[in-house]
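Dumped entry.cif below, it's mmCIF, C-alpha atoms and all ligand atoms:
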data_query
#
loop_
_atom_site.group_PDB
_atom_site.id
_atom_site.type_symbol
_atom_site.label_atom_id
_atom_site.label_comp_id
_atom_site.auth_asym_id
_atom_site.auth_seq_id
_atom_site.Cartn_x
_atom_site.Cartn_y
_atom_site.Cartn_z
ATOM 1 C CA MET E 1 0.000 0.000 0.000
ATOM 2 C CA GLN E 2 1.255 3.454 -0.922
ATOM 3 C CA GLY E 3 1.217 6.347 1.535
ATOM 4 C CA GLU E 4 1.820 10.070 1.134
ATOM 5 C CA GLY E 5 4.636 10.732 -1.299
ATOM 6 C CA GLY E 6 4.627 7.101 -2.411
ATOM 7 C CA SER E 7 6.205 5.816 0.810
ATOM 8 C CA PHE E 8 5.375 2.393 2.211
ATOM 9 C CA MET E 9 2.482 2.218 4.651
ATOM 10 C CA ILE E 10 0.366 -0.611 6.071
ATOM 11 C CA THR E 11 -2.686 -0.550 8.309
ATOM 12 C CA LEU E 12 -2.293 -2.423 11.608
ATOM 13 C CA SER E 13 -5.773 -1.770 12.990
ATOM 14 C CA LYS E 14 -8.886 -0.072 11.754
ATOM 15 C CA ASP E 15 -12.012 1.220 13.412
ATOM 16 C CA LEU E 16 -14.998 3.355 12.380
ATOM 17 C CA ILE E 17 -17.011 5.874 14.357
ATOM 18 C CA GLN E 18 -20.232 7.346 13.097
ATOM 19 C CA ILE E 19 -20.597 11.034 14.011
ATOM 20 C CA THR E 20 -24.144 12.319 14.305
ATOM 21 C CA ARG E 21 -24.370 14.379 17.500
ATOM 22 C CA GLU E 22 -22.387 16.519 19.906
ATOM 23 C CA GLN E 23 -21.698 13.657 22.339
ATOM 24 C CA ASP E 24 -19.874 11.779 19.579
ATOM 25 C CA VAL E 25 -17.144 14.437 19.743
ATOM 26 C CA VAL E 26 -16.242 13.299 23.271
ATOM 27 C CA THR E 27 -16.328 9.624 22.228
ATOM 28 C CA LEU E 28 -14.016 10.339 19.312
ATOM 29 C CA ARG E 29 -11.519 12.282 21.435
ATOM 30 C CA ASN E 30 -11.350 9.381 23.889
ATOM 31 C CA ARG E 31 -10.827 6.786 21.144
ATOM 32 C CA VAL E 32 -8.081 8.862 19.520
ATOM 33 C CA LYS E 33 -6.392 9.257 22.887
ATOM 34 C CA GLU E 34 -6.541 5.476 23.500
ATOM 35 C CA LEU E 35 -4.843 4.745 20.178
ATOM 36 C CA ALA E 36 -2.175 7.411 20.693
ATOM 37 C CA VAL E 37 -1.397 6.047 24.161
ATOM 38 C CA LYS E 38 -1.356 2.475 22.827
ATOM 39 C CA ILE E 39 1.390 3.222 20.293
ATOM 40 C CA GLY E 40 3.402 5.139 22.899
ATOM 41 C CA MET E 41 2.986 8.681 21.564
ATOM 42 C CA SER E 42 4.269 11.430 23.868
ATOM 43 C CA LEU E 43 1.787 13.477 25.892
ATOM 44 C CA LEU E 44 2.472 16.485 23.670
ATOM 45 C CA GLY E 45 1.898 14.418 20.519
ATOM 46 C CA GLN E 46 -1.348 13.039 21.953
ATOM 47 C CA THR E 47 -2.552 16.513 22.879
ATOM 48 C CA LYS E 48 -1.825 17.886 19.401
ATOM 49 C CA LEU E 49 -3.555 14.964 17.684
ATOM 50 C CA ILE E 50 -6.643 15.083 19.906
ATOM 51 C CA THR E 51 -6.930 18.840 19.443
ATOM 52 C CA ALA E 52 -6.699 18.490 15.639
ATOM 53 C CA ALA E 53 -9.306 15.696 15.754
ATOM 54 C CA SER E 54 -11.576 17.853 17.889
ATOM 55 C CA GLU E 55 -11.432 20.685 15.321
ATOM 56 C CA LEU E 56 -12.084 18.388 12.359
ATOM 57 C CA VAL E 57 -14.951 16.465 13.934
ATOM 58 C CA ARG E 58 -16.527 19.730 14.984
ATOM 59 C CA ASN E 59 -16.394 20.971 11.384
ATOM 60 C CA MET E 60 -17.949 17.737 10.187
ATOM 61 C CA LEU E 61 -20.867 18.116 12.602
ATOM 62 C CA ARG E 62 -21.344 21.811 12.111
ATOM 63 C CA TYR E 63 -20.998 22.203 8.359
ATOM 64 C CA ALA E 64 -21.995 18.750 7.110
ATOM 65 C CA GLY E 65 -24.353 17.507 9.832
ATOM 66 C CA GLY E 66 -22.086 14.561 10.648
ATOM 67 C CA GLY E 67 -20.104 11.864 8.898
ATOM 68 C CA THR E 68 -17.732 8.985 9.528
ATOM 69 C CA VAL E 69 -14.308 8.934 11.148
ATOM 70 C CA THR E 70 -11.923 6.080 10.375
ATOM 71 C CA LEU E 71 -9.267 5.511 13.029
ATOM 72 C CA GLU E 72 -6.214 3.507 12.037
ATOM 73 C CA VAL E 73 -2.901 2.546 13.498
ATOM 74 C CA VAL E 74 -0.516 2.565 10.540
ATOM 75 C CA LEU E 75 3.051 1.443 10.050
ATOM 76 C CA GLY E 76 5.079 3.799 7.895
ATOM 77 C CA ASP E 77 8.806 3.963 7.424
ATOM 78 C CA LYS E 78 9.721 1.856 10.505
ATOM 79 C CA VAL E 79 7.462 3.928 12.713
ATOM 80 C CA THR E 80 3.855 3.642 13.806
ATOM 81 C CA GLY E 81 1.331 6.431 13.694
ATOM 82 C CA VAL E 82 -2.357 7.218 14.032
ATOM 83 C CA ARG E 83 -4.220 8.020 10.838
ATOM 84 C CA LEU E 84 -7.653 9.628 11.040
ATOM 85 C CA THR E 85 -9.968 10.072 8.076
ATOM 86 C CA PHE E 86 -12.941 12.422 8.407
ATOM 87 C CA ALA E 87 -15.426 11.815 5.588
ATOM 88 C CA ASP E 88 -18.729 13.626 5.201
ATOM 89 C CA GLU E 89 -21.386 14.016 2.533
ATOM 90 C CA GLY E 90 -22.069 17.648 3.296
ATOM 91 C CA PRO E 91 -22.079 20.717 1.024
ATOM 92 C CA GLY E 92 -18.352 20.551 0.297
ATOM 93 C CA ILE E 93 -15.908 23.469 0.202
ATOM 94 C CA ALA E 94 -15.803 25.620 -2.941
ATOM 95 C CA ASP E 95 -12.396 27.215 -2.342
ATOM 96 C CA ILE E 96 -10.098 25.010 -0.242
ATOM 97 C CA GLY E 97 -7.254 27.536 -0.450
ATOM 98 C CA LEU E 98 -9.466 30.113 1.206
ATOM 99 C CA ALA E 99 -10.802 27.679 3.842
ATOM 100 C CA MET E 100 -7.204 26.780 4.767
ATOM 101 C CA GLN E 101 -6.357 30.414 5.597
ATOM 102 C CA ASP E 102 -6.089 31.461 9.226
ATOM 103 C CA GLY E 103 -9.161 33.400 10.269
ATOM 104 C CA TYR E 104 -11.381 32.462 7.332
ATOM 105 C CA THR E 105 -14.804 31.331 8.560
ATOM 106 C CA THR E 106 -18.352 31.096 7.298
ATOM 107 C CA GLY E 107 -19.480 30.065 10.781
ATOM 108 C CA LYS E 108 -18.722 33.243 12.775
ATOM 109 C CA SER E 109 -16.047 31.350 14.720
ATOM 110 C CA LEU E 110 -12.269 31.738 14.770
ATOM 111 C CA GLY E 111 -11.383 30.192 11.417
ATOM 112 C CA LEU E 112 -8.506 28.237 12.959
ATOM 113 C CA GLY E 113 -9.842 24.685 12.695
ATOM 114 C CA LEU E 114 -8.464 23.623 9.312
ATOM 115 C CA PRO E 115 -5.163 25.553 9.261
ATOM 116 C CA GLY E 116 -4.597 24.833 12.960
ATOM 117 C CA ALA E 117 -5.279 21.101 12.548
ATOM 118 C CA LYS E 118 -2.769 21.034 9.681
ATOM 119 C CA ARG E 119 -0.067 22.534 11.920
ATOM 120 C CA LEU E 120 -0.800 20.016 14.681
ATOM 121 C CA VAL E 121 -0.259 16.852 12.625
ATOM 122 C CA ASN E 122 2.561 15.436 10.493
ATOM 123 C CA GLU E 123 0.544 14.723 7.352
ATOM 124 C CA PHE E 124 -2.615 16.453 6.217
ATOM 125 C CA SER E 125 -4.685 16.153 3.079
ATOM 126 C CA ILE E 126 -8.084 17.508 2.139
ATOM 127 C CA THR E 127 -10.324 16.835 -0.824
ATOM 128 C CA SER E 128 -13.733 18.348 -1.339
ATOM 129 C CA GLU E 129 -16.382 18.529 -4.001
ATOM 130 C CA VAL E 130 -19.259 20.984 -3.864
ATOM 131 C CA GLY E 131 -22.535 19.124 -3.380
ATOM 132 C CA LYS E 132 -20.734 15.835 -2.670
ATOM 133 C CA GLY E 133 -18.760 16.226 0.530
ATOM 134 C CA THR E 134 -15.395 16.641 2.161
ATOM 135 C CA THR E 135 -12.663 14.234 3.268
ATOM 136 C CA VAL E 136 -9.776 15.221 5.518
ATOM 137 C CA THR E 137 -6.997 12.751 6.351
ATOM 138 C CA VAL E 138 -4.353 13.351 9.003
ATOM 139 C CA ILE E 139 -1.462 11.316 10.411
ATOM 140 C CA ARG E 140 0.602 11.852 13.533
ATOM 141 C CA TRP E 141 3.645 9.613 13.846
ATOM 142 C CA LYS E 142 4.620 8.203 17.213
ATOM 143 C CA ASN E 143 7.846 10.235 17.184
ATOM 144 C CA GLY E 144 6.553 13.158 15.093
ATOM 145 C CA LEU E 145 7.588 16.700 15.924
ATOM 146 C CA MET W 1 -28.733 20.456 34.016
ATOM 147 C CA ASP W 2 -24.997 20.135 33.357
ATOM 148 C CA ARG W 3 -23.232 22.839 35.318
ATOM 149 C CA ILE W 4 -19.823 23.565 36.738
ATOM 150 C CA PRO W 5 -20.054 25.161 40.208
ATOM 151 C CA ILE W 6 -18.788 28.696 40.641
ATOM 152 C CA LEU W 7 -17.306 29.604 44.023
ATOM 153 C CA LYS W 8 -17.681 33.232 45.073
ATOM 154 C CA MET W 9 -14.922 34.514 47.359
ATOM 155 C CA GLY W 10 -15.448 38.152 48.189
ATOM 156 C CA SER W 11 -15.189 39.911 44.849
ATOM 157 C CA PHE W 12 -13.504 36.946 43.135
ATOM 158 C CA LEU W 13 -15.134 34.078 41.305
ATOM 159 C CA LEU W 14 -13.348 30.717 41.241
ATOM 160 C CA VAL W 15 -14.145 27.970 38.780
ATOM 161 C CA THR W 16 -12.405 24.596 38.805
ATOM 162 C CA ILE W 17 -12.891 22.579 35.644
ATOM 163 C CA GLN W 18 -12.460 18.901 36.524
ATOM 164 C CA VAL W 19 -13.398 17.287 33.230
ATOM 165 C CA ASP W 20 -12.698 17.761 29.552
ATOM 166 C CA LEU W 21 -15.423 20.167 28.561
ATOM 167 C CA TYR W 22 -18.072 19.111 26.139
ATOM 168 C CA ASP W 23 -19.876 21.922 24.351
ATOM 169 C CA ARG W 24 -23.036 22.180 26.443
ATOM 170 C CA LEU W 25 -21.043 22.327 29.672
ATOM 171 C CA ALA W 26 -18.718 24.987 28.278
ATOM 172 C CA LEU W 27 -21.596 27.114 26.998
ATOM 173 C CA ASN W 28 -23.425 26.889 30.344
ATOM 174 C CA LEU W 29 -20.274 27.969 32.134
ATOM 175 C CA GLU W 30 -19.929 30.937 29.796
ATOM 176 C CA THR W 31 -23.542 31.985 30.425
ATOM 177 C CA ASP W 32 -23.284 31.541 34.212
ATOM 178 C CA LEU W 33 -19.985 33.384 34.508
ATOM 179 C CA ILE W 34 -21.080 36.277 32.329
ATOM 180 C CA ARG W 35 -24.286 36.591 34.343
ATOM 181 C CA MET W 36 -22.460 36.525 37.687
ATOM 182 C CA VAL W 37 -19.766 38.915 36.527
ATOM 183 C CA SER W 38 -22.360 41.451 35.456
ATOM 184 C CA GLU W 39 -24.780 40.984 38.375
ATOM 185 C CA THR W 40 -22.380 40.778 41.295
ATOM 186 C CA ASN W 41 -19.504 43.015 42.236
ATOM 187 C CA THR W 42 -16.796 40.895 40.647
ATOM 188 C CA ARG W 43 -13.235 42.148 40.296
ATOM 189 C CA GLY W 44 -11.530 38.913 39.362
ATOM 190 C CA VAL W 45 -12.343 35.577 37.687
ATOM 191 C CA LEU W 46 -10.059 32.592 38.273
ATOM 192 C CA ILE W 47 -10.493 29.575 36.016
ATOM 193 C CA ASP W 48 -8.513 26.499 37.059
ATOM 194 C CA ILE W 49 -7.961 24.242 34.022
ATOM 195 C CA SER W 50 -5.217 22.055 35.497
ATOM 196 C CA ALA W 51 -7.356 18.941 34.916
ATOM 197 C CA VAL W 52 -8.173 19.861 31.316
ATOM 198 C CA GLY W 53 -6.261 17.860 28.701
ATOM 199 C CA LEU W 54 -7.483 19.715 25.632
ATOM 200 C CA VAL W 55 -8.399 23.259 24.671
ATOM 201 C CA ASP W 56 -9.578 23.589 21.073
ATOM 202 C CA SER W 57 -10.664 26.753 19.260
ATOM 203 C CA PHE W 58 -14.229 26.369 20.537
ATOM 204 C CA MET W 59 -13.183 26.396 24.177
ATOM 205 C CA GLY W 60 -10.513 29.006 23.534
ATOM 206 C CA ARG W 61 -13.174 31.285 22.157
ATOM 207 C CA ILE W 62 -15.276 30.800 25.291
ATOM 208 C CA LEU W 63 -12.324 31.741 27.523
ATOM 209 C CA ASN W 64 -11.801 34.848 25.383
ATOM 210 C CA ASN W 65 -15.498 35.759 25.608
ATOM 211 C CA ILE W 66 -15.449 35.477 29.394
ATOM 212 C CA ALA W 67 -12.380 37.735 29.540
ATOM 213 C CA THR W 68 -13.921 40.300 27.192
ATOM 214 C CA ILE W 69 -17.158 40.602 29.177
ATOM 215 C CA SER W 70 -15.216 40.713 32.446
ATOM 216 C CA ARG W 71 -13.082 43.562 31.155
ATOM 217 C CA ILE W 72 -16.179 45.576 30.295
ATOM 218 C CA VAL W 73 -17.267 45.474 33.953
ATOM 219 C CA ASP W 74 -13.693 46.129 35.066
ATOM 220 C CA ALA W 75 -12.858 42.601 36.215
ATOM 221 C CA GLN W 76 -9.710 40.621 35.383
ATOM 222 C CA THR W 77 -9.603 37.018 34.178
ATOM 223 C CA VAL W 78 -6.844 34.593 35.145
ATOM 224 C CA VAL W 79 -6.563 31.093 33.701
ATOM 225 C CA VAL W 80 -4.537 28.940 36.077
ATOM 226 C CA GLY W 81 -2.749 25.608 35.800
ATOM 227 C CA MET W 82 -2.751 25.171 32.039
ATOM 228 C CA GLN W 83 -0.807 21.981 31.247
ATOM 229 C CA PRO W 84 2.379 22.652 29.238
ATOM 230 C CA ALA W 85 1.234 20.348 26.408
ATOM 231 C CA VAL W 86 -2.050 22.241 26.187
ATOM 232 C CA ALA W 87 -0.258 25.609 26.139
ATOM 233 C CA ILE W 88 2.118 24.524 23.345
ATOM 234 C CA THR W 89 -0.772 23.067 21.346
ATOM 235 C CA LEU W 90 -2.762 26.299 21.651
ATOM 236 C CA VAL W 91 0.121 28.311 20.204
ATOM 237 C CA GLU W 92 0.458 25.936 17.260
ATOM 238 C CA LEU W 93 -3.280 25.989 16.689
ATOM 239 C CA GLY W 94 -2.896 29.758 16.337
ATOM 240 C CA LEU W 95 -5.039 30.753 19.279
ATOM 241 C CA THR W 96 -4.052 33.608 21.531
ATOM 242 C CA LEU W 97 -5.942 34.102 24.754
ATOM 243 C CA ALA W 98 -6.428 37.852 24.435
ATOM 244 C CA GLY W 99 -6.752 39.729 27.712
ATOM 245 C CA VAL W 100 -6.476 36.529 29.710
ATOM 246 C CA HIS W 101 -3.749 36.415 32.354
ATOM 247 C CA THR W 102 -2.198 33.049 33.171
ATOM 248 C CA ALA W 103 -0.733 31.733 36.403
ATOM 249 C CA LEU W 104 0.809 28.475 37.584
ATOM 250 C CA ASN W 105 -1.831 27.630 40.203
ATOM 251 C CA VAL W 106 -4.788 29.108 42.085
ATOM 252 C CA GLU W 107 -2.581 30.586 44.803
ATOM 253 C CA LYS W 108 -0.360 32.401 42.276
ATOM 254 C CA GLY W 109 -3.475 33.467 40.400
ATOM 255 C CA MET W 110 -4.897 35.028 43.572
ATOM 256 C CA GLU W 111 -1.617 36.834 44.187
ATOM 257 C CA LEU W 112 -1.688 38.175 40.653
ATOM 258 C CA LEU W 113 -5.239 39.455 41.093
ATOM 259 C CA HIS W 114 -4.434 41.116 44.421
ATOM 260 C CA LYS W 115 -1.403 42.775 42.878
ATOM 261 C CA ARG W 116 -3.395 44.108 39.969
ATOM 262 C CA LEU W 117 -6.417 45.198 41.985
ATOM 263 C CA GLY W 118 -5.001 46.428 45.273
ATOM 264 C CA SER W 119 -5.623 44.679 48.585
ATOM 265 C CA ASP W 120 -9.365 45.236 49.103
ATOM 266 C CA ALA W 121 -10.485 42.511 46.721
ATOM 267 C CA GLY W 122 -11.139 38.823 47.479
ATOM 268 C CA GLY W 123 -12.091 37.207 50.763
ATOM 269 C CA GLY W 124 -13.791 34.259 52.440
ATOM 270 C CA GLY W 125 -15.334 31.440 50.471
ATOM 271 C CA GLN W 126 -19.047 31.052 49.843
ATOM 272 C CA LEU W 127 -20.635 28.647 47.394
ATOM 273 C CA TYR W 128 -22.834 30.469 44.948
ATOM 274 C CA ASP W 129 -25.630 28.203 43.822
ATOM 275 C CA ASN W 130 -25.763 28.361 40.043
ATOM 276 C CA SER W 131 -27.610 25.072 39.628
ATOM 277 C CA GLU W 132 -31.072 25.508 38.256
HETATM 278 N N1 LIG M 201 -16.522 19.479 6.599
HETATM 279 C C1 LIG M 201 -16.799 20.673 6.034
HETATM 280 N N2 LIG M 201 -17.810 20.805 5.139
HETATM 281 C C2 LIG M 201 -18.086 22.007 4.574
HETATM 282 N N3 LIG M 201 -17.417 23.151 4.844
HETATM 283 C C3 LIG M 201 -16.405 23.087 5.730
HETATM 284 C C4 LIG M 201 -16.054 21.869 6.379
HETATM 285 N N4 LIG M 201 -14.997 22.117 7.205
HETATM 286 C C5 LIG M 201 -14.717 23.431 7.071
HETATM 287 N N5 LIG M 201 -15.560 24.023 6.193
HETATM 288 C C6 LIG M 201 -15.518 25.436 5.765
HETATM 289 O O1 LIG M 201 -14.224 25.950 5.996
HETATM 290 C C7 LIG M 201 -14.294 27.088 6.858
HETATM 291 C C8 LIG M 201 -13.071 27.150 7.766
HETATM 292 O O2 LIG M 201 -13.101 26.092 8.710
HETATM 293 P P1 LIG M 201 -12.250 26.207 10.049
HETATM 294 O O3 LIG M 201 -10.852 26.533 9.669
HETATM 295 O O4 LIG M 201 -12.482 25.004 10.853
HETATM 296 O O5 LIG M 201 -12.827 27.487 10.788
HETATM 297 P P2 LIG M 201 -14.268 27.700 11.480
HETATM 298 O O6 LIG M 201 -14.877 26.367 11.761
HETATM 299 O O7 LIG M 201 -13.989 28.494 12.713
HETATM 300 O O8 LIG M 201 -15.082 28.484 10.486
HETATM 301 C C9 LIG M 201 -15.605 26.965 7.598
HETATM 302 O O9 LIG M 201 -16.097 28.209 8.035
HETATM 303 C C10 LIG M 201 -16.489 26.318 6.526
HETATM 304 O O10 LIG M 201 -16.978 27.297 5.624
HETATM 305 MG MG MG M 202 -13.840 24.765 12.548
#
Represent the structure of the file as structure tokens.
Amino acid sequence: MQGEGGSFMITLSKDLIQITREQDVVTLRNRVKELAVKIGMSLLGQTKLITAASELVRNMLRYAGGGTVTLEVVLGDKVTGVRLTFADEGPGIADIGLAMQDGYTTGKSLGLGLPGAKRLVNEFSITSEVGKGTTVTVIRWKNGL
Amino acid sequence: MDRIPILKMGSFLLVTIQVDLYDRLALNLETDLIRMVSETNTRGVLIDISAVGLVDSFMGRILNNIATISRIVDAQTVVVGMQPAVAITLVELGLTLAGVHTALNVEKGMELLHKRLGSDAGGGGQLYDNSE
């Protein structure tokens, strides 16, 4: 299996969480924390990953009315990591470049969720199609900076 | 109702957050604090987040709102005990707590408030009942 940049990556475990209501945010945070602890991620790494996950799941609920999060433990180049995929079938994002800018919001909030989440993880990718939905994938490696 | 108790000590309000906040709890705290700050003679608000493992932009915004309203009625807000990992993460997220002072623990936070406000503020503890 190919990962970002064509590097080798295999999935060691995989789990799905359906996100439909506010309480699911807390469930997701706890599951992400469990996985991060399980692979031995530092407290700082865990905190960054959980915070990024919290931003992305909040977006999914708020702008798309919910979706599915896939939680995986992956093995990359000799190191394990947690990969999270947030997939929704909401309205999509017309201009991703704009949405990725600090302070840009259509929700009267801080506009830090997407750009902030990107800074908090080691790998970040987003695809979106208007009328179809949005998918955001992030990875934090066990030893990531 | 889901509420975090607010302790009134003289002209200070003390809030200790013991759990990771979910949205409803955070919003209720914002409402309660803003109401108490505007209805009572409050000079300082201390929010102890030493047990909080995550502050995202939603909760950061609530802390900023509390500080903004407090400033309008001439009260100061101090967030105490923020875990180092949470503080570093907040910076990377891009969130600045505007107008929020920070201190290591409740005691240092009290000292900071006294220093900023003069010695007449603060006093004995009394539990304000904000449960409905
Ligand atoms: N899953 C999504 N579906 C549709 N639009 C989204 C989604 N996530 C983000 N957006 C759009 O991108 C903007 C920026 O998101 P974000 O950086 O999290 O800031 P905020 O949530 O504070 O607005 C949002 O205001 C919204 O317009
Ligand atoms: Mg957001």
Please, what is the axis-aligned box for every listed atom of ligand LIG 201 (chain M) with 6 Å on each side, as centre and edge lengths in Å to one decimal, as JSON?
{"center_x": -14.5, "center_y": 24.0, "center_z": 8.6, "size_x": 19.2, "size_y": 21.0, "size_z": 20.1}
Margin query: Neighbouring residues of Ala36 of chain E were defined as those with any atom within 7 Å, considering all atoms listed in the file; residues of the same chain fewer than 5 positions away were excluded. Please report them as an MDAnalysis selection string.
Written below: chainID E and resid 41 46 82
For C-alpha atoms, I'd like the residues from the last selection saved as a PDB file, in the coordinates of the input.
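Written file, out10.pdb:
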ATOM      1  CA  MET E  41       2.986   8.681  21.564  1.00  0.00           C
ATOM      2  CA  GLN E  46      -1.348  13.039  21.953  1.00  0.00           C
ATOM      3  CA  VAL E  82      -2.357   7.218  14.032  1.00  0.00           C
TER       4      VAL E  82
END
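Proximity to Asp102 of chain E was assessed for W:Leu63, W:Gln18, W:Ile4, W:Glu92 counting all atoms listed in the file; the smallest distance is recorded for W:Glu92.
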Checklist line | Distance in Å - atom CA of His114 of chain W versus atom CA of Gly44 of chain W | finding: 9.0 Å
Notebook entry, point to check: Counting all atoms listed in the file, which residues come within 12 Å of (-18.6, 26.9, 24.8), with the point read in the file's coordinates, and could you list them as a list in words?
Noted result: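 The requested residues, written out, are Ser109 of chain E; Asp20, Leu21, Tyr22, Asp23, Arg24, Leu25, Ala26, Leu27, Asn28, Leu29, Glu30, Thr31, Asp32, Leu33, Val55, Asp56, Ser57, Phe58, Met59, Gly60, Arg61, Ile62, Leu63, Asn64, Asn65 and Ile66 of chain W.
Coordinates place atom CA of Leu35 of chain E at a distance of 23.2 Å from atom N1 of ligand LIG 201 (chain M).
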Item checked: Target residues per the PyMOL selection byres (((chain E and resi 106) around 12) and not hetatm), formatted as a ChimeraX atom specification -> /E:59,62-63,93-95,98-99,103-105,107-113
Note to self: Residue by residue, what does the PyMOL selection byres (((chain W and resi 71) around 12) and not hetatm) grab here? Present the result as number ranges by chain.
What the structure shows: W: 34, 37-38, 42-45, 64-70, 72-78, 98-101
Filtering to C-alpha atoms, could you give me those residues as a compact mmCIF listing (two decimals), in the coordinates of the input?
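Generated output (again_32.txt):
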# COMPACT_ATOMS: atom_id res chain seq x y z
CA ILE W 34 -21.08 36.28 32.33
CA VAL W 37 -19.77 38.92 36.53
CA SER W 38 -22.36 41.45 35.46
CA THR W 42 -16.80 40.90 40.65
CA ARG W 43 -13.24 42.15 40.30
CA GLY W 44 -11.53 38.91 39.36
CA VAL W 45 -12.34 35.58 37.69
CA ASN W 64 -11.80 34.85 25.38
CA ASN W 65 -15.50 35.76 25.61
CA ILE W 66 -15.45 35.48 29.39
CA ALA W 67 -12.38 37.74 29.54
CA THR W 68 -13.92 40.30 27.19
CA ILE W 69 -17.16 40.60 29.18
CA SER W 70 -15.22 40.71 32.45
CA ILE W 72 -16.18 45.58 30.30
CA VAL W 73 -17.27 45.47 33.95
CA ASP W 74 -13.69 46.13 35.07
CA ALA W 75 -12.86 42.60 36.22
CA GLN W 76 -9.71 40.62 35.38
CA THR W 77 -9.60 37.02 34.18
CA VAL W 78 -6.84 34.59 35.15
CA ALA W 98 -6.43 37.85 24.44
CA GLY W 99 -6.75 39.73 27.71
CA VAL W 100 -6.48 36.53 29.71
CA HIS W 101 -3.75 36.42 32.35
Item checked: Reference answer for the PyMOL selection byres ((chain E) within 12 of (chain W)), as number ranges by chain -> E: 21-30, 33, 42-59, 62, 101-103, 107-121, 145
Can I get the selected residues back with C-alpha atoms, as a tab-separated table (two decimals), keeping the file's coordinate frame?
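New file part.tsv:
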chain	number	residue	atom	x	y	z
E	21	ARG	CA	-24.37	14.38	17.50
E	22	GLU	CA	-22.39	16.52	19.91
E	23	GLN	CA	-21.70	13.66	22.34
E	24	ASP	CA	-19.87	11.78	19.58
E	25	VAL	CA	-17.14	14.44	19.74
E	26	VAL	CA	-16.24	13.30	23.27
E	27	THR	CA	-16.33	9.62	22.23
E	28	LEU	CA	-14.02	10.34	19.31
E	29	ARG	CA	-11.52	12.28	21.44
E	30	ASN	CA	-11.35	9.38	23.89
E	33	LYS	CA	-6.39	9.26	22.89
E	42	SER	CA	4.27	11.43	23.87
E	43	LEU	CA	1.79	13.48	25.89
E	44	LEU	CA	2.47	16.48	23.67
E	45	GLY	CA	1.90	14.42	20.52
E	46	GLN	CA	-1.35	13.04	21.95
E	47	THR	CA	-2.55	16.51	22.88
E	48	LYS	CA	-1.82	17.89	19.40
E	49	LEU	CA	-3.56	14.96	17.68
E	50	ILE	CA	-6.64	15.08	19.91
E	51	THR	CA	-6.93	18.84	19.44
E	52	ALA	CA	-6.70	18.49	15.64
E	53	ALA	CA	-9.31	15.70	15.75
E	54	SER	CA	-11.58	17.85	17.89
E	55	GLU	CA	-11.43	20.68	15.32
E	56	LEU	CA	-12.08	18.39	12.36
E	57	VAL	CA	-14.95	16.46	13.93
E	58	ARG	CA	-16.53	19.73	14.98
E	59	ASN	CA	-16.39	20.97	11.38
E	62	ARG	CA	-21.34	21.81	12.11
E	101	GLN	CA	-6.36	30.41	5.60
E	102	ASP	CA	-6.09	31.46	9.23
E	103	GLY	CA	-9.16	33.40	10.27
E	107	GLY	CA	-19.48	30.06	10.78
E	108	LYS	CA	-18.72	33.24	12.78
E	109	SER	CA	-16.05	31.35	14.72
E	110	LEU	CA	-12.27	31.74	14.77
E	111	GLY	CA	-11.38	30.19	11.42
E	112	LEU	CA	-8.51	28.24	12.96
E	113	GLY	CA	-9.84	24.68	12.70
E	114	LEU	CA	-8.46	23.62	9.31
E	115	PRO	CA	-5.16	25.55	9.26
E	116	GLY	CA	-4.60	24.83	12.96
E	117	ALA	CA	-5.28	21.10	12.55
E	118	LYS	CA	-2.77	21.03	9.68
E	119	ARG	CA	-0.07	22.53	11.92
E	120	LEU	CA	-0.80	20.02	14.68
E	121	VAL	CA	-0.26	16.85	12.62
E	145	LEU	CA	7.59	16.70	15.92
Notebook entry, point to check: In Å, how far is it from atom N1 of ligand LIG 201 (chain M) to atom CA of Gly131 of chain E?
Noted result: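 If I compute the distance from atom N1 of ligand LIG 201 (chain M) to atom CA of Gly131 of chain E, I get 11.7 Å.
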Item checked: Close residues, Gly133 of chain E itself excluded, 6 Å, only C-alpha atoms, min 6 positions apart in chain, as a PyMOL selection string -> chain E and resi 88-92
Got time to write the residues from that selection, C-alpha atoms, as a short mmCIF file (atom, residue, chain, number, x, y, z; two decimals), keeping the file's coordinate frame?
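File produced: selection-v4.cif:
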data_model
loop_
_atom_site.label_atom_id
_atom_site.label_comp_id
_atom_site.auth_asym_id
_atom_site.auth_seq_id
_atom_site.Cartn_x
_atom_site.Cartn_y
_atom_site.Cartn_z
CA ASP E 88 -18.73 13.63 5.20
CA GLU E 89 -21.39 14.02 2.53
CA GLY E 90 -22.07 17.65 3.30
CA PRO E 91 -22.08 20.72 1.02
CA GLY E 92 -18.35 20.55 0.30
#
Notebook entry, point to check: Which residue out of E:Phe124, E:Thr70, E:Met100, E:Val79 has the minimum interatomic distance to ligand MG 202 (chain M) when only C-alpha atoms and all ligand atoms are used?
Noted result: E:Met100
